[in-house]
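Source file: entry-v9.cif. Holds: mmCIF, C-alpha atoms.
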data_work
#
loop_
_atom_site.group_PDB
_atom_site.id
_atom_site.type_symbol
_atom_site.label_atom_id
_atom_site.label_comp_id
_atom_site.auth_asym_id
_atom_site.auth_seq_id
_atom_site.Cartn_x
_atom_site.Cartn_y
_atom_site.Cartn_z
ATOM 1 C CA MET A 11 10.577 19.989 -6.662
ATOM 2 C CA SER A 12 7.025 20.376 -7.970
ATOM 3 C CA ASP A 13 4.016 19.611 -5.788
ATOM 4 C CA SER A 14 3.267 16.593 -7.981
ATOM 5 C CA ASP A 15 6.802 15.269 -7.497
ATOM 6 C CA LYS A 16 6.522 15.829 -3.754
ATOM 7 C CA GLN A 17 3.219 13.914 -3.632
ATOM 8 C CA LYS A 18 4.773 11.043 -5.600
ATOM 9 C CA GLN A 19 7.775 10.940 -3.264
ATOM 10 C CA LEU A 20 5.487 10.809 -0.232
ATOM 11 C CA ILE A 21 3.462 8.027 -1.876
ATOM 12 C CA GLU A 22 6.637 6.030 -2.521
ATOM 13 C CA GLU A 23 7.649 6.464 1.128
ATOM 14 C CA GLN A 24 4.292 5.089 2.300
ATOM 15 C CA ILE A 25 4.574 2.143 -0.090
ATOM 16 C CA GLN A 26 7.904 1.333 1.587
ATOM 17 C CA VAL A 27 6.306 1.602 5.041
ATOM 18 C CA CYS A 28 3.653 -0.872 3.961
ATOM 19 C CA LYS A 29 6.246 -3.244 2.510
ATOM 20 C CA ILE A 30 8.432 -3.129 5.631
ATOM 21 C CA GLU A 31 5.431 -3.852 7.858
ATOM 22 C CA LEU A 32 4.313 -6.716 5.601
ATOM 23 C CA VAL A 33 7.768 -8.282 5.753
ATOM 24 C CA GLU A 34 7.653 -7.996 9.555
ATOM 25 C CA LEU A 35 4.202 -9.560 9.592
ATOM 26 C CA GLN A 36 5.394 -12.426 7.417
ATOM 27 C CA LYS A 37 8.382 -13.060 9.711
ATOM 28 C CA THR A 38 6.158 -13.291 12.784
ATOM 29 C CA CYS A 39 3.375 -15.398 11.268
ATOM 30 C CA CYS A 40 3.272 -19.009 12.404
ATOM 31 C CA LEU A 41 1.079 -20.346 9.579
ATOM 32 C CA ASN A 42 2.869 -21.289 6.351
ATOM 33 C CA LYS A 43 -0.233 -20.945 4.162
ATOM 34 C CA ARG A 44 -0.661 -17.325 5.265
ATOM 35 C CA GLY A 45 3.035 -16.731 4.632
ATOM 36 C CA GLU A 46 2.504 -17.627 0.984
ATOM 37 C CA LYS A 47 -0.337 -15.104 0.747
ATOM 38 C CA MET A 48 1.896 -12.488 2.330
ATOM 39 C CA THR A 49 4.674 -13.151 -0.180
ATOM 40 C CA GLY A 50 2.223 -12.511 -3.005
ATOM 41 C CA LEU A 51 0.980 -9.376 -1.292
ATOM 42 C CA ILE A 52 4.530 -8.087 -0.749
ATOM 43 C CA GLU A 53 5.140 -8.478 -4.477
ATOM 44 C CA GLU A 54 1.870 -6.675 -5.220
ATOM 45 C CA VAL A 55 2.836 -3.810 -2.900
ATOM 46 C CA GLU A 56 6.220 -3.556 -4.657
ATOM 47 C CA ARG A 57 4.377 -3.122 -7.973
ATOM 48 C CA LEU A 58 1.791 -0.743 -6.511
ATOM 49 C CA GLY A 59 1.441 2.277 -8.754
ATOM 50 C CA ARG A 60 4.739 1.585 -10.503
ATOM 51 C CA ASP A 61 3.432 2.669 -13.923
ATOM 52 C CA GLN A 62 1.645 5.733 -12.589
ATOM 53 C CA LEU A 63 4.560 6.909 -10.446
ATOM 54 C CA ALA A 64 6.866 6.685 -13.472
ATOM 55 C CA LEU A 65 4.758 9.236 -15.367
ATOM 56 C CA GLU A 66 6.006 12.807 -15.448
ATOM 57 C CA THR A 67 2.476 14.029 -14.725
ATOM 58 C CA MET A 68 -0.201 11.798 -13.257
ATOM 59 C CA ALA A 69 -3.515 12.442 -15.021
ATOM 60 C CA PRO A 70 -6.818 11.945 -13.167
ATOM 61 C CA ASP A 71 -7.370 8.600 -14.924
ATOM 62 C CA ASP A 72 -3.892 7.451 -13.883
ATOM 63 C CA ALA A 73 -4.620 8.314 -10.260
ATOM 64 C CA ALA A 74 -7.958 6.482 -10.517
ATOM 65 C CA ALA A 75 -6.193 3.357 -11.830
ATOM 66 C CA PHE A 76 -3.717 3.576 -8.948
ATOM 67 C CA ILE A 77 -6.620 3.838 -6.478
ATOM 68 C CA VAL A 78 -8.095 0.617 -7.903
ATOM 69 C CA GLN A 79 -4.759 -1.128 -7.223
ATOM 70 C CA LEU A 80 -4.697 0.368 -3.731
ATOM 71 C CA GLU A 81 -8.203 -0.943 -3.030
ATOM 72 C CA ALA A 82 -7.158 -4.454 -4.091
ATOM 73 C CA VAL A 83 -4.153 -4.394 -1.756
ATOM 74 C CA GLY A 84 -6.328 -3.081 1.074
ATOM 75 C CA ALA A 85 -8.894 -5.837 0.530
ATOM 76 C CA LYS A 86 -6.235 -8.558 0.687
ATOM 77 C CA LEU A 87 -4.696 -6.980 3.753
ATOM 78 C CA GLY A 88 -8.144 -6.845 5.349
ATOM 79 C CA THR A 89 -8.609 -10.560 4.742
ATOM 80 C CA LEU A 90 -5.305 -11.302 6.472
ATOM 81 C CA TYR A 91 -6.211 -9.022 9.377
ATOM 82 C CA ALA A 92 -9.678 -10.516 9.841
ATOM 83 C CA THR A 93 -8.203 -14.021 10.019
ATOM 84 C CA CYS A 94 -5.145 -13.262 12.151
ATOM 85 C CA CYS A 95 -4.799 -15.591 15.133
ATOM 86 C CA THR A 96 -3.340 -13.098 17.614
ATOM 87 C CA PRO A 97 -4.047 -9.496 18.602
ATOM 88 C CA THR A 98 -0.325 -8.817 19.111
ATOM 89 C CA ARG A 99 0.051 -8.098 15.380
ATOM 90 C CA GLU A 100 -2.662 -5.447 15.390
ATOM 91 C CA PRO A 101 -0.151 -2.533 15.445
ATOM 92 C CA ILE A 102 1.474 -3.927 12.285
ATOM 93 C CA TYR A 103 -1.876 -4.025 10.506
ATOM 94 C CA ALA A 104 -2.723 -0.540 11.791
ATOM 95 C CA ALA A 105 0.535 0.850 10.378
ATOM 96 C CA MET A 106 -0.160 -0.697 6.976
ATOM 97 C CA PHE A 107 -3.733 0.583 6.812
ATOM 98 C CA LYS A 108 -2.517 4.036 7.857
ATOM 99 C CA ALA A 109 0.082 3.985 5.058
ATOM 100 C CA LEU A 110 -2.554 2.943 2.497
ATOM 101 C CA SER A 111 -4.824 5.738 3.698
ATOM 102 C CA LYS A 112 -2.042 8.312 3.315
ATOM 103 C CA ILE A 113 -1.385 7.055 -0.216
ATOM 104 C CA HIS A 114 -5.076 7.378 -1.039
ATOM 105 C CA LEU A 115 -5.246 10.966 0.223
ATOM 106 C CA ARG A 116 -2.216 11.938 -1.852
ATOM 107 C CA LEU A 117 -3.698 10.273 -4.923
ATOM 108 C CA LEU A 118 -6.888 12.272 -4.445
ATOM 109 C CA ARG A 119 -4.781 15.447 -4.382
ATOM 110 C CA LEU A 120 -3.069 14.438 -7.610
ATOM 111 C CA GLN A 121 -6.350 13.370 -9.184
ATOM 112 C CA HIS A 122 -8.137 16.608 -8.369
ATOM 113 C CA GLY A 123 -5.190 18.975 -8.649
ATOM 114 C CA ARG A 124 -5.189 20.037 -5.007
#
Rewrite the structure from the file as structure tokens, please.
Amino acid sequence: MSDSDKQKQLIEEQIQVCKIELVELQKTCCLNKRGEKMTGLIEEVERLGRDQLALETMAPDDAAAFIVQLEAVGAKLGTLYATCCTPTREPIYAAMFKALSKIHLRLLRLQHGR
């Protein structure tokens, strides 16, 4: 397995972590309106980097486009976190932000050939 393939596999694993945590968050949320936002975000996470991860080799511009998608997901997640009504869900948010950060670091490696 090439280093690029390994990085992609690790990225896909972190996307799944984020999705699993989002599903858990949605199940425990008591506000229907927020649940709708979470459904949309789950779908966005499922599509995260799909085109770029399908490429045999991810060029720097492809990684940059993926990072833009990652930033959008992070911003929406941040909005949900900032407006959450209970601190008991903080570990769920922390796990998702950690997963997004790991994805970002791996994308930087792919982007800069490290």
Practice item. Excluding A:Val33 and residues on its chain fewer than 5 positions from it, collect all residues at most 9 Å away from it, counting all atoms listed in the file, and give them as JSON, numbers by chain. Key: {"A": [28, 38, 48, 49, 52]}
Review point. Could you spell out the hits of the PyMOL selection byres ((chain A and resi 121) around 8) on the shown file, as a list in words?
Key: Met68, Ala69, Pro70, Asp71, Asp72, Ala73, Ala74, Leu117, Leu118, Arg119, Leu120, His122, Gly123 and Arg124 of chain A
Write the residues of the selection above to a file with C-alpha atoms, as a compact mmCIF listing (two decimals), keeping the file's coordinate frame.
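Result file follows (part-v3.txt):
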# COMPACT_ATOMS: atom_id res chain seq x y z
CA MET A 68 -0.20 11.80 -13.26
CA ALA A 69 -3.52 12.44 -15.02
CA PRO A 70 -6.82 11.94 -13.17
CA ASP A 71 -7.37 8.60 -14.92
CA ASP A 72 -3.89 7.45 -13.88
CA ALA A 73 -4.62 8.31 -10.26
CA ALA A 74 -7.96 6.48 -10.52
CA LEU A 117 -3.70 10.27 -4.92
CA LEU A 118 -6.89 12.27 -4.44
CA ARG A 119 -4.78 15.45 -4.38
CA LEU A 120 -3.07 14.44 -7.61
CA HIS A 122 -8.14 16.61 -8.37
CA GLY A 123 -5.19 18.98 -8.65
CA ARG A 124 -5.19 20.04 -5.01
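Interatomic distance, atom CA of A:Ser111 against atom CA of A:Leu80: 9.2 Å.
In terms of minimum interatomic distance to A:Ala109, A:Val55 ranks closest within A:Met11, A:Val55, A:Ala75, A:Cys40, counting only C-alpha atoms.
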Exercise for review: For the structure provided, state which residues fall under the PyMOL selection byres ((chain A and resi 95-100) around 12), and present them as a list in words.
Suggested key: Glu31, Leu32, Glu34, Leu35, Gln36, Lys37, Thr38, Cys39, Cys40, Leu41, Arg44, Leu87, Gly88, Leu90, Tyr91, Ala92, Thr93, Cys94, Pro101, Ile102, Tyr103, Ala104, Ala105, Met106 and Phe107 of chain A
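Of note, atom CA of A:Leu51 and atom CA of A:Lys112 are spaced 18.5 Å apart.
Taking atom CA of A:Ile21 and atom CA of A:Ile113 as endpoints, the distance between them is 5.2 Å.
Proximity of A:Lys18, A:Val27, A:Ser12, A:Val83 to A:Asp61, computed with all atoms listed in the file, is greatest for A:Lys18.
Nearest residue to A:Gln24 among A:Leu65, A:Ile77, A:Ala85, A:Leu58 is A:Leu58, counting all atoms listed in the file.
Counting all atoms listed in the file, the residue from A:Ile30, A:Thr67, A:Leu20, A:Asp15 that sits nearest to A:Arg116 is A:Leu20.
Using all atoms listed in the file, the smallest distance between any of A:Asp13, A:Glu23, A:Glu81, A:Glu46 and A:Glu66 comes from A:Asp13.
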Check your understanding: Between A:Gly84, A:Thr89, A:Glu53, A:Leu63, which is the closest to A:Gln17 once you count all atoms listed in the file?
Key -> A:Leu63
